[in-house]
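Q: This is coords_33.csv, which holds CSV, C-alpha atoms and all ligand atoms:
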chain,number,residue,atom,x,y,z
I,1,MET,CA,-14.2,30.3,-27.0
I,2,LYS,CA,-10.6,29.8,-27.9
I,3,ALA,CA,-8.8,29.6,-24.5
I,4,ASP,CA,-5.2,29.0,-23.5
I,5,LEU,CA,-4.9,28.9,-19.7
I,6,HIS,CA,-1.3,27.6,-19.3
I,7,CYS,CA,1.9,29.0,-20.7
I,8,HIS,CA,5.3,30.3,-19.6
I,9,SER,CA,7.3,33.5,-20.2
I,10,THR,CA,10.9,34.6,-19.4
I,11,VAL,CA,9.6,35.3,-15.8
I,12,SER,CA,10.0,31.5,-15.3
I,13,ASP,CA,11.2,29.0,-17.9
I,14,GLY,CA,9.7,30.3,-21.1
I,15,VAL,CA,11.8,32.1,-23.7
I,16,LEU,CA,9.4,34.9,-24.7
I,17,GLU,CA,8.7,38.1,-22.7
I,18,PRO,CA,5.2,38.4,-21.3
I,19,GLU,CA,4.4,41.2,-23.8
I,20,VAL,CA,5.6,39.1,-26.8
I,21,LEU,CA,3.5,36.1,-25.6
I,22,ALA,CA,0.5,38.4,-25.5
I,23,ARG,CA,1.0,39.4,-29.1
I,24,ARG,CA,1.6,35.8,-30.1
I,25,ALA,CA,-1.7,34.8,-28.3
I,26,HIS,CA,-3.5,37.5,-30.3
I,27,ALA,CA,-1.9,36.4,-33.6
I,28,ASN,CA,-2.9,32.8,-32.9
I,29,GLY,CA,-6.5,33.8,-32.3
I,30,VAL,CA,-6.7,33.3,-28.5
I,31,GLU,CA,-9.8,34.9,-27.0
I,32,LEU,CA,-9.2,34.0,-23.4
I,33,TRP,CA,-5.7,33.8,-22.0
I,34,ALA,CA,-3.8,33.3,-18.8
I,35,LEU,CA,0.0,33.5,-18.2
I,36,THR,CA,0.9,30.8,-15.7
I,37,ASP,CA,4.6,31.1,-14.8
I,38,HIS,CA,6.1,28.7,-12.3
I,39,ASP,CA,6.0,30.1,-8.8
I,40,GLU,CA,6.1,33.7,-9.9
I,41,ILE,CA,3.4,36.3,-10.9
I,42,SER,CA,5.5,39.3,-11.7
I,43,GLY,CA,4.7,38.8,-15.4
I,44,VAL,CA,1.0,38.9,-15.0
I,45,ALA,CA,0.5,42.7,-15.0
I,46,ARG,CA,2.8,43.0,-18.0
I,47,ALA,CA,0.9,40.4,-19.9
I,48,ARG,CA,-2.5,41.8,-19.0
I,49,THR,CA,-1.7,45.3,-20.2
I,50,VAL,CA,-0.8,44.1,-23.7
I,51,ALA,CA,-3.4,41.4,-23.9
I,52,GLN,CA,-6.3,43.7,-22.9
I,53,GLY,CA,-5.0,46.3,-25.3
I,54,LEU,CA,-5.4,43.7,-28.1
I,55,GLY,CA,-8.9,42.8,-27.0
I,56,ILE,CA,-8.1,39.5,-25.4
I,57,ARG,CA,-9.9,38.4,-22.2
I,58,PHE,CA,-7.2,37.9,-19.6
I,59,LEU,CA,-7.1,35.9,-16.4
I,60,SER,CA,-4.2,36.2,-13.9
I,61,GLY,CA,-2.4,32.9,-13.6
I,62,VAL,CA,0.4,30.9,-11.9
I,63,GLU,CA,1.7,27.4,-11.8
I,64,ILE,CA,2.6,26.5,-8.2
I,65,SER,CA,5.1,23.7,-7.4
I,66,VAL,CA,3.7,21.3,-4.8
I,67,THR,CA,5.1,18.2,-3.1
I,68,TRP,CA,2.4,15.6,-2.5
I,69,ALA,CA,3.0,12.0,-1.5
I,70,GLY,CA,6.7,12.3,-2.4
I,71,HIS,CA,6.3,13.6,-5.9
I,72,THR,CA,5.9,17.1,-7.5
I,73,VAL,CA,2.5,18.2,-8.6
I,74,HIS,CA,1.7,21.4,-10.4
I,75,ILE,CA,-1.3,23.4,-9.3
I,76,VAL,CA,-2.5,26.2,-11.7
I,77,GLY,CA,-4.2,29.2,-10.1
I,78,LEU,CA,-6.5,31.3,-12.3
I,79,GLY,CA,-8.4,34.5,-11.8
I,80,PHE,CA,-7.0,35.6,-8.5
I,81,ASP,CA,-5.9,39.0,-7.2
I,82,ASP,CA,-2.3,39.1,-8.3
I,83,THR,CA,-1.5,41.8,-5.7
I,84,ASN,CA,-2.6,39.6,-2.9
I,85,HIS,CA,0.1,39.8,-0.2
I,86,ASP,CA,-0.1,36.2,1.1
I,87,MET,CA,0.1,34.8,-2.4
I,88,VAL,CA,3.1,37.0,-3.2
I,89,ARG,CA,4.9,36.0,0.0
I,90,GLY,CA,4.0,32.4,-0.3
I,91,LEU,CA,5.4,32.2,-3.8
I,92,GLU,CA,8.6,33.9,-2.6
I,93,ALA,CA,9.0,31.1,-0.1
I,94,VAL,CA,8.4,28.4,-2.8
I,95,ARG,CA,11.1,30.0,-5.0
I,96,SER,CA,13.6,30.3,-2.2
I,97,GLY,CA,15.1,26.8,-2.4
I,98,ARG,CA,15.8,27.0,-6.2
I,99,THR,CA,19.3,28.5,-6.0
I,100,ASP,CA,20.7,25.9,-3.6
I,101,ARG,CA,19.0,23.2,-5.7
I,102,ALA,CA,20.6,24.5,-8.9
I,103,LEU,CA,24.0,24.6,-7.3
I,104,GLU,CA,23.6,21.0,-6.2
I,105,MET,CA,22.4,20.0,-9.7
I,106,GLY,CA,25.5,21.7,-11.1
I,107,ARG,CA,27.7,19.6,-8.7
I,108,ARG,CA,26.0,16.4,-9.7
I,109,LEU,CA,26.4,17.1,-13.4
I,110,GLN,CA,30.0,18.0,-12.8
I,111,LYS,CA,30.6,14.6,-11.3
I,112,LEU,CA,29.1,13.1,-14.4
I,113,GLY,CA,31.6,15.0,-16.5
I,114,ILE,CA,29.4,17.9,-17.5
I,115,GLY,CA,31.0,21.2,-16.5
I,116,GLY,CA,29.7,24.7,-16.3
I,117,SER,CA,26.0,23.7,-16.1
I,118,TYR,CA,25.1,25.9,-13.1
I,119,GLU,CA,26.6,29.0,-14.8
I,120,GLY,CA,25.0,27.9,-18.1
I,121,ALA,CA,21.6,27.5,-16.6
I,122,LEU,CA,21.8,30.8,-14.7
I,123,GLN,CA,22.9,32.6,-17.9
I,124,ARG,CA,19.8,31.2,-19.6
I,125,ALA,CA,17.4,32.2,-16.8
I,126,SER,CA,16.1,35.8,-17.2
I,127,ASN,CA,14.9,35.6,-13.6
I,128,PRO,CA,17.9,34.6,-11.4
I,129,ALA,CA,15.5,33.6,-8.6
I,130,LEU,CA,13.9,31.1,-10.9
I,131,VAL,CA,16.5,28.7,-12.3
I,132,SER,CA,14.7,25.6,-13.4
I,133,ARG,CA,15.5,22.2,-14.8
I,134,THR,CA,14.5,23.6,-18.2
I,135,HIS,CA,17.4,26.1,-18.1
I,136,PHE,CA,19.8,23.2,-17.4
I,137,ALA,CA,18.2,21.2,-20.2
I,138,ARG,CA,18.8,24.0,-22.7
I,139,TYR,CA,22.4,24.2,-21.6
I,140,LEU,CA,22.9,20.5,-22.0
I,141,LEU,CA,21.2,20.5,-25.4
I,142,GLU,CA,23.2,23.5,-26.7
I,143,GLU,CA,26.5,21.9,-25.5
I,144,GLY,CA,25.6,18.7,-27.3
I,145,TYR,CA,25.3,16.4,-24.4
I,146,CYS,CA,21.9,15.2,-25.6
I,147,SER,CA,20.0,15.7,-28.8
I,148,THR,CA,16.4,16.2,-27.5
I,149,MET,CA,14.9,17.8,-24.4
I,150,GLN,CA,13.2,14.4,-23.6
I,151,ALA,CA,16.6,12.7,-23.6
I,152,VAL,CA,18.1,15.3,-21.1
I,153,PHE,CA,15.2,14.5,-18.7
I,154,ASP,CA,15.4,10.7,-19.3
I,155,ARG,CA,19.2,10.6,-18.7
I,156,TYR,CA,19.9,13.3,-16.2
I,157,LEU,CA,17.2,15.6,-14.9
I,158,GLY,CA,14.0,13.5,-14.6
I,159,GLU,CA,12.8,12.2,-11.2
I,160,GLY,CA,15.3,9.6,-9.9
I,161,LYS,CA,17.9,10.3,-12.5
I,162,PRO,CA,21.5,11.1,-11.5
I,163,ALA,CA,21.2,14.9,-11.4
I,164,TYR,CA,17.7,15.0,-10.0
I,165,VAL,CA,17.6,16.9,-6.7
I,166,PRO,CA,14.4,16.2,-4.7
I,167,MET,CA,12.7,19.3,-3.5
I,168,GLN,CA,10.2,20.1,-0.8
I,169,TRP,CA,8.0,22.6,-2.6
I,170,SER,CA,4.8,24.0,-1.0
I,171,THR,CA,2.1,21.7,0.4
I,172,LEU,CA,-1.2,21.1,-1.6
I,173,GLU,CA,-3.0,22.9,1.3
I,174,GLN,CA,-0.8,26.0,1.0
I,175,ALA,CA,-1.0,26.2,-2.8
I,176,VAL,CA,-4.8,25.8,-3.0
I,177,GLY,CA,-5.2,28.0,0.1
I,178,TRP,CA,-3.2,30.9,-1.5
I,179,ILE,CA,-5.2,30.7,-4.7
I,180,LEU,CA,-8.6,30.6,-3.0
I,181,ALA,CA,-7.8,33.3,-0.4
I,182,ALA,CA,-6.8,35.6,-3.3
I,183,GLY,CA,-10.2,34.9,-5.0
I,184,GLY,CA,-9.1,32.5,-7.6
I,185,ARG,CA,-9.8,29.0,-8.8
I,186,ALA,CA,-7.3,26.1,-8.4
I,187,VAL,CA,-6.7,23.5,-11.2
I,188,ILE,CA,-4.6,20.4,-11.2
I,189,ALA,CA,-2.1,20.8,-14.1
I,190,HIS,CA,-1.4,17.9,-16.5
I,191,PRO,CA,-2.5,15.0,-14.3
I,192,GLY,CA,-1.3,12.5,-16.9
I,193,ARG,CA,2.3,13.4,-16.0
I,194,TYR,CA,2.3,12.2,-12.4
I,195,ASN,CA,3.7,8.8,-11.4
I,196,TYR,CA,1.0,7.9,-8.8
I,197,THR,CA,-0.8,4.6,-8.3
I,198,PRO,CA,-4.5,4.6,-9.0
I,199,VAL,CA,-5.1,4.7,-5.3
I,200,GLN,CA,-2.9,7.7,-4.9
I,201,PHE,CA,-4.6,9.5,-7.8
I,202,GLY,CA,-7.9,8.9,-6.1
I,203,ALA,CA,-6.6,10.4,-2.9
I,204,LEU,CA,-5.1,13.3,-4.7
I,205,PHE,CA,-8.3,14.2,-6.5
I,206,ASP,CA,-10.4,13.7,-3.2
I,207,THR,CA,-8.0,15.8,-1.1
I,208,PHE,CA,-7.8,18.5,-3.7
I,209,ARG,CA,-11.6,18.7,-3.9
I,210,ASP,CA,-11.9,18.7,-0.1
I,211,LEU,CA,-9.5,21.7,0.0
I,212,GLY,CA,-11.7,23.6,-2.4
I,213,GLY,CA,-9.9,22.8,-5.6
I,214,GLN,CA,-12.3,22.9,-8.6
I,215,GLY,CA,-10.5,22.2,-11.8
I,216,ILE,CA,-8.4,19.8,-13.8
I,217,GLU,CA,-6.5,20.2,-17.0
I,218,VAL,CA,-8.0,17.9,-19.6
I,219,VAL,CA,-6.4,19.2,-22.8
I,220,THR,CA,-2.8,20.1,-22.4
I,221,GLY,CA,0.4,19.8,-24.4
I,222,SER,CA,1.5,17.2,-21.9
I,223,HIS,CA,-1.4,14.8,-22.6
I,224,THR,CA,-1.9,12.3,-25.5
I,225,PRO,CA,-5.3,12.3,-27.2
I,226,ASP,CA,-6.1,9.1,-25.1
I,227,GLN,CA,-5.4,11.1,-22.0
I,228,PHE,CA,-7.8,13.9,-23.1
I,229,THR,CA,-10.5,11.2,-23.0
I,230,GLU,CA,-9.2,9.7,-19.7
I,231,TYR,CA,-9.1,13.0,-17.8
I,232,ALA,CA,-12.4,14.1,-19.3
I,233,GLN,CA,-13.9,11.0,-17.5
I,234,VAL,CA,-12.0,12.0,-14.3
I,235,ALA,CA,-13.5,15.5,-14.6
I,236,ARG,CA,-17.0,14.1,-15.0
I,237,HIS,CA,-16.5,11.6,-12.2
I,238,TYR,CA,-15.2,14.1,-9.6
I,239,GLY,CA,-17.3,17.0,-10.8
I,240,PHE,CA,-14.2,19.0,-11.7
I,241,LEU,CA,-14.3,22.0,-14.1
I,242,ALA,CA,-12.2,21.4,-17.2
I,243,SER,CA,-9.2,23.5,-18.2
I,244,CYS,CA,-7.1,23.6,-21.3
I,245,GLY,CA,-3.6,25.0,-22.0
I,246,SER,CA,-0.8,24.5,-24.4
I,247,ASP,CA,2.0,24.7,-21.7
I,248,PHE,CA,3.9,26.7,-24.3
I,249,HIS,CA,7.5,27.5,-23.4
I,250,SER,CA,9.2,28.3,-26.7
I,251,PRO,CA,8.6,28.2,-30.4
I,252,HIS,CA,11.3,25.6,-30.6
I,253,GLU,CA,10.2,23.2,-27.8
I,254,GLY,CA,7.0,21.3,-27.1
I,255,LYS,CA,4.2,20.0,-29.1
I,256,LEU,CA,1.7,22.8,-29.1
I,257,ASP,CA,2.0,26.5,-30.0
I,258,LEU,CA,0.2,29.0,-27.9
I,259,GLY,CA,-3.6,28.6,-28.4
I,260,CYS,CA,-3.2,25.7,-30.8
I,261,MET,CA,-5.0,22.9,-29.0
I,262,PRO,CA,-8.0,20.7,-29.8
I,263,ASP,CA,-11.3,21.7,-28.2
I,264,LEU,CA,-12.3,20.3,-24.8
I,265,PRO,CA,-14.2,17.1,-25.1
I,266,ALA,CA,-18.0,17.5,-25.2
I,267,GLY,CA,-20.1,17.5,-22.0
I,268,LEU,CA,-17.5,19.2,-19.7
I,269,LYS,CA,-18.0,22.4,-17.9
I,270,PRO,CA,-15.0,24.7,-18.7
I,271,VAL,CA,-13.2,26.4,-15.8
I,272,TRP,CA,-14.2,29.8,-17.2
I,273,HIS,CA,-18.0,28.9,-17.6
I,274,ASP,CA,-19.3,31.5,-15.1
I,275,TRP,CA,-16.6,34.1,-15.8
I,276,ILE,CA,-17.0,34.6,-19.5
I,277,HIS,CA,-20.3,34.9,-21.3
R,301,LIG,P1,11.5,22.6,-12.2
R,301,LIG,O1,10.4,23.4,-11.8
R,301,LIG,O2,12.8,23.3,-12.1
R,301,LIG,O3,11.6,21.2,-11.6
R,301,LIG,O4,11.4,22.3,-13.8
R,301,LIG,C1,10.2,21.7,-14.3
R,301,LIG,C2,10.1,22.0,-15.8
R,301,LIG,O5,10.9,21.2,-16.5
R,301,LIG,C3,8.7,21.8,-16.3
R,301,LIG,O6,7.9,22.9,-16.1
R,301,LIG,C4,9.0,21.6,-17.7
R,301,LIG,O7,9.1,22.9,-18.4
R,301,LIG,C5,10.3,20.9,-17.8
R,301,LIG,N1,10.2,19.5,-17.9
R,301,LIG,C6,10.0,18.6,-17.0
R,301,LIG,N2,10.0,17.3,-17.6
R,301,LIG,C7,10.2,17.5,-18.9
R,301,LIG,C8,10.4,16.6,-20.0
R,301,LIG,N3,10.3,15.3,-19.9
R,301,LIG,N4,10.6,17.2,-21.2
R,301,LIG,C9,10.7,18.5,-21.3
R,301,LIG,N5,10.6,19.4,-20.3
R,301,LIG,C10,10.4,18.9,-19.1
R,302,MN,MN,8.1,24.7,-17.3
R,303,MN,MN,3.9,21.8,-15.1
R,304,MN,MN,3.7,24.6,-17.2
Now that the file is in, can you turn its structure into structure tokens?

A:
Amino acid sequence: MKADLHCHSTVSDGVLEPEVLARRAHANGVELWALTDHDEISGVARARTVAQGLGIRFLSGVEISVTWAGHTVHIVGLGFDDTNHDMVRGLEAVRSGRTDRALEMGRRLQKLGIGGSYEGALQRASNPALVSRTHFARYLLEEGYCSTMQAVFDRYLGEGKPAYVPMQWSTLEQAVGWILAAGGRAVIAHPGRYNYTPVQFGALFDTFRDLGGQGIEVVTGSHTPDQFTEYAQVARHYGFLASCGSDFHSPHEGKLDLGCMPDLPAGLKPVWHDWIH
């Protein structure tokens, strides 16, 4: 089963429309697909229509921003009812702080001598309610302030850097709660990206599991091959289901194209094991 259960469209910080992504997934041989935009599910129905028309098995998806122990964690939801009222309302609340945050990022960049970044980011965001650091990063790149996306985050936008504006996103309880109440499965996205101590990681995995979280991303564009192995062990240790996703945003950014990931390591139960036969 060639599955890609993590990617982004213009509904959040991806550059391709949901329909275009569906066609790309098909062209790349994806058999099971989920669109997982940040804090927004309005692209799901659009993606589903085209994907199913092309014969792809489709799961609803979302990537919810969470603040846990002072850092941002991303929780992917899969296979939920995307018309669920509490989920839709909850995500609206998660998105609501983004405009003020973007304005503050613009002010901080201005102080660093970088003008017009709020307007530049907004112009690059197809969804004005979802201005993300990615949109700022694209502006800074195109204006020549940095030569790589990584450099933009290392110098300006990453946690603790001068234009980083801390956010209080949803709680882990809320994010997992919305996903489960809408009939879906919760998955910790790209665990290798978080700056927690080993003790904090243990607490995150325990708390997530106690809340009813079931899955963890093992193979993702954000992990090195060593991390595939590391998080395969975590999945086995905690009894988590394993997920895989490219985290594709754009044909010009990131390591992995849609659907172009290595297989999950052997001996793991995939997150779709009892959904797809
Ligand atoms: P936000 O939700 O506005 O905080 O933006 C987070 C997004 O920024 C992530 O989903 C990634 O798409 C992007 N991002 C974060 N860190 C990096 C990085 N080091 N390199 C490239 N993109 C990044
Ligand atoms: Mn993103
Ligand atoms: Mn993420
Ligand atoms: Mn993502």

Q: Using all atoms listed in the file, find each protein or nucleic acid residue lying at most 10 Å from ligand MN 304 (chain R); present the set as a list in words.

A: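 Here is the list of contacting residues: Leu5, His6, Cys7, His8, Ser12, Asp13, Gly14, Leu35, Thr36, Asp37, His38, Val62, Glu63, Ile64, Ser65, His74, Ile75, Val76, Ala189, His190, Thr220, Gly221, Ser222, Gly245, Ser246, Asp247, Phe248 and His249 of chain I.
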
Q: Would you work out the distance separating atom CA of Lys2 of chain I from atom CA of Phe208 of chain I, expressed in Å to one decimal?

A: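 Result for atom CA of Lys2 of chain I versus atom CA of Phe208 of chain I: 26.9 Å, one decimal.
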
Q: Compute the set of protein, DNA and RNA residues whose minimum atom distance to ligand LIG 301 (chain R) is at most 9 Å, using all atoms listed in the file, and state it as a PyMOL selection string.

A: chain I and resi 8+12-14+37-39+63+65+72+74+98+101-102+130-137+148-154+157-159+164-167+193+247-249+253-254

Q: State, in Å with one decimal place, the distance from atom CA of Gly239 of chain I to atom CA of Leu180 of chain I.

A: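 The value is 17.9 Å.
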
Q: So, counting all atoms listed in the file, which residue among I:Lys161, I:Arg24, I:His223, I:Arg124 is closest to Lys255 of chain I?

A: I:His223

Q: Let me make sure I understand: among I:Ala163, I:Gly184, I:Phe201, I:Ala235, which one has the smallest atom-to-atom distance to Trp275 of chain I if we use all atoms listed in the file?

A: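 Of the candidates, the smallest distance to Trp275 of chain I is held by I:Gly184.
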
Q: Please compute the atom CA of Val44 of chain I-atom CA of Leu241 of chain I distance, one decimal, in Å.

A: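 Separation between atom CA of Val44 of chain I and atom CA of Leu241 of chain I: 22.8 Å.
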
Q: I'd like the contact shell of Gln214 of chain I - 8 Å cut-off, only C-alpha atoms, skipping same-chain residues fewer than 3 positions apart - returned as number ranges by chain.

A: I: 185-187, 208-209, 240-241

Q: Which residues of segment 197-255 of chain I have any atom within 8 Å of an atom in segment 175-179 of chain I when counting only C-alpha atoms, and what is the closest pair of atoms for each, with the distance in Å to one decimal? Order the rows by chain and rising number and write it as JSON lines.

A:
{"residue": "I:Phe208", "atom": "CA", "partner": "I:Val176", "partner_atom": "CA", "distance": 7.9}
{"residue": "I:Leu211", "atom": "CA", "partner": "I:Val176", "partner_atom": "CA", "distance": 6.9}
{"residue": "I:Gly212", "atom": "CA", "partner": "I:Val176", "partner_atom": "CA", "distance": 7.3}
{"residue": "I:Gly213", "atom": "CA", "partner": "I:Val176", "partner_atom": "CA", "distance": 6.5}

Q: Just checking: using all atoms listed in the file, which residue out of I:Ala25, I:Leu109, I:Val66, I:Leu91 ends up closest to ligand MN 303 (chain R)?

A: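 Going through I:Ala25, I:Leu109, I:Val66, I:Leu91 one by one, the smallest distance to ligand MN 303 (chain R) is for I:Val66.
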
Q: So, counting all atoms listed in the file, which residue among I:Gly97, I:Phe205, I:Gly90, I:Tyr139 is closest to Ile114 of chain I?

A: I:Tyr139

Q: Could you add the missing atoms to segment 235-245 of chain I, up to all heavy atoms, and return them as a PDB file, keeping the file's coordinate frame?

A:
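Result written to rebuild_1.pdb:
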ATOM      1  N   ALA I 235     -12.789  14.258 -14.855  1.00  0.00           N
ATOM      2  CA  ALA I 235     -13.500  15.500 -14.600  1.00  0.00           C
ATOM      3  C   ALA I 235     -14.969  15.260 -14.322  1.00  0.00           C
ATOM      4  O   ALA I 235     -15.557  15.795 -13.371  1.00  0.00           O
ATOM      5  CB  ALA I 235     -13.301  16.498 -15.732  1.00  0.00           C
ATOM      6  N   ARG I 236     -15.580  14.423 -15.152  1.00  0.00           N
ATOM      7  CA  ARG I 236     -17.000  14.100 -15.000  1.00  0.00           C
ATOM      8  C   ARG I 236     -17.233  13.385 -13.655  1.00  0.00           C
ATOM      9  O   ARG I 236     -18.137  13.702 -12.896  1.00  0.00           O
ATOM     10  CB  ARG I 236     -17.517  13.246 -16.135  1.00  0.00           C
ATOM     11  CG  ARG I 236     -17.629  14.008 -17.439  1.00  0.00           C
ATOM     12  CD  ARG I 236     -18.264  13.148 -18.543  1.00  0.00           C
ATOM     13  NE  ARG I 236     -17.920  13.692 -19.839  1.00  0.00           N
ATOM     14  CZ  ARG I 236     -16.985  13.207 -20.652  1.00  0.00           C
ATOM     15  NH1 ARG I 236     -16.307  12.124 -20.312  1.00  0.00           N
ATOM     16  NH2 ARG I 236     -16.713  13.785 -21.802  1.00  0.00           N
ATOM     17  N   HIS I 237     -16.360  12.408 -13.369  1.00  0.00           N
ATOM     18  CA  HIS I 237     -16.500  11.600 -12.200  1.00  0.00           C
ATOM     19  C   HIS I 237     -16.417  12.431 -10.882  1.00  0.00           C
ATOM     20  O   HIS I 237     -17.206  12.258  -9.952  1.00  0.00           O
ATOM     21  CB  HIS I 237     -15.452  10.487 -12.150  1.00  0.00           C
ATOM     22  CG  HIS I 237     -15.506   9.599 -10.943  1.00  0.00           C
ATOM     23  ND1 HIS I 237     -16.395   8.559 -10.818  1.00  0.00           N
ATOM     24  CD2 HIS I 237     -14.806   9.631  -9.775  1.00  0.00           C
ATOM     25  CE1 HIS I 237     -16.231   7.978  -9.643  1.00  0.00           C
ATOM     26  NE2 HIS I 237     -15.277   8.615  -8.984  1.00  0.00           N
ATOM     27  N   TYR I 238     -15.455  13.327 -10.838  1.00  0.00           N
ATOM     28  CA  TYR I 238     -15.200  14.100  -9.600  1.00  0.00           C
ATOM     29  C   TYR I 238     -15.990  15.443  -9.629  1.00  0.00           C
ATOM     30  O   TYR I 238     -15.933  16.205  -8.664  1.00  0.00           O
ATOM     31  CB  TYR I 238     -13.738  14.390  -9.409  1.00  0.00           C
ATOM     32  CG  TYR I 238     -12.977  13.169  -8.937  1.00  0.00           C
ATOM     33  CD1 TYR I 238     -12.483  12.253  -9.853  1.00  0.00           C
ATOM     34  CD2 TYR I 238     -12.783  12.929  -7.584  1.00  0.00           C
ATOM     35  CE1 TYR I 238     -11.792  11.120  -9.435  1.00  0.00           C
ATOM     36  CE2 TYR I 238     -12.108  11.796  -7.145  1.00  0.00           C
ATOM     37  CZ  TYR I 238     -11.619  10.901  -8.077  1.00  0.00           C
ATOM     38  OH  TYR I 238     -10.950   9.783  -7.654  1.00  0.00           O
ATOM     39  N   GLY I 239     -16.647  15.741 -10.729  1.00  0.00           N
ATOM     40  CA  GLY I 239     -17.300  17.000 -10.800  1.00  0.00           C
ATOM     41  C   GLY I 239     -16.395  18.198 -10.960  1.00  0.00           C
ATOM     42  O   GLY I 239     -16.716  19.312 -10.531  1.00  0.00           O
ATOM     43  N   PHE I 240     -15.205  17.951 -11.543  1.00  0.00           N
ATOM     44  CA  PHE I 240     -14.200  19.000 -11.700  1.00  0.00           C
ATOM     45  C   PHE I 240     -14.591  19.869 -12.981  1.00  0.00           C
ATOM     46  O   PHE I 240     -15.104  19.340 -13.976  1.00  0.00           O
ATOM     47  CB  PHE I 240     -12.825  18.488 -11.946  1.00  0.00           C
ATOM     48  CG  PHE I 240     -12.175  17.948 -10.697  1.00  0.00           C
ATOM     49  CD1 PHE I 240     -11.445  16.765 -10.743  1.00  0.00           C
ATOM     50  CD2 PHE I 240     -12.266  18.625  -9.480  1.00  0.00           C
ATOM     51  CE1 PHE I 240     -10.817  16.265  -9.605  1.00  0.00           C
ATOM     52  CE2 PHE I 240     -11.645  18.130  -8.333  1.00  0.00           C
ATOM     53  CZ  PHE I 240     -10.920  16.944  -8.396  1.00  0.00           C
ATOM     54  N   LEU I 241     -14.264  21.150 -12.907  1.00  0.00           N
ATOM     55  CA  LEU I 241     -14.300  22.000 -14.100  1.00  0.00           C
ATOM     56  C   LEU I 241     -13.108  21.618 -14.966  1.00  0.00           C
ATOM     57  O   LEU I 241     -12.062  21.220 -14.448  1.00  0.00           O
ATOM     58  CB  LEU I 241     -14.240  23.470 -13.702  1.00  0.00           C
ATOM     59  CG  LEU I 241     -15.347  23.948 -12.758  1.00  0.00           C
ATOM     60  CD1 LEU I 241     -15.094  25.381 -12.299  1.00  0.00           C
ATOM     61  CD2 LEU I 241     -16.705  23.832 -13.447  1.00  0.00           C
ATOM     62  N   ALA I 242     -13.254  21.779 -16.282  1.00  0.00           N
ATOM     63  CA  ALA I 242     -12.200  21.400 -17.200  1.00  0.00           C
ATOM     64  C   ALA I 242     -11.400  22.569 -17.694  1.00  0.00           C
ATOM     65  O   ALA I 242     -11.973  23.596 -18.048  1.00  0.00           O
ATOM     66  CB  ALA I 242     -12.791  20.627 -18.391  1.00  0.00           C
ATOM     67  N   SER I 243     -10.075  22.426 -17.717  1.00  0.00           N
ATOM     68  CA  SER I 243      -9.200  23.500 -18.200  1.00  0.00           C
ATOM     69  C   SER I 243      -8.416  22.996 -19.424  1.00  0.00           C
ATOM     70  O   SER I 243      -8.274  21.783 -19.628  1.00  0.00           O
ATOM     71  CB  SER I 243      -8.314  24.045 -17.146  1.00  0.00           C
ATOM     72  OG  SER I 243      -7.735  25.258 -17.574  1.00  0.00           O
ATOM     73  N   CYS I 244      -7.912  23.956 -20.188  1.00  0.00           N
ATOM     74  CA  CYS I 244      -7.100  23.600 -21.300  1.00  0.00           C
ATOM     75  C   CYS I 244      -5.965  24.628 -21.476  1.00  0.00           C
ATOM     76  O   CYS I 244      -6.169  25.827 -21.264  1.00  0.00           O
ATOM     77  CB  CYS I 244      -7.901  23.524 -22.604  1.00  0.00           C
ATOM     78  SG  CYS I 244      -8.650  25.067 -23.077  1.00  0.00           S
ATOM     79  N   GLY I 245      -4.770  24.130 -21.793  1.00  0.00           N
ATOM     80  CA  GLY I 245      -3.600  25.000 -22.000  1.00  0.00           C
ATOM     81  C   GLY I 245      -2.525  24.345 -22.721  1.00  0.00           C
ATOM     82  O   GLY I 245      -2.310  23.145 -22.567  1.00  0.00           O
TER      83      GLY I 245
END
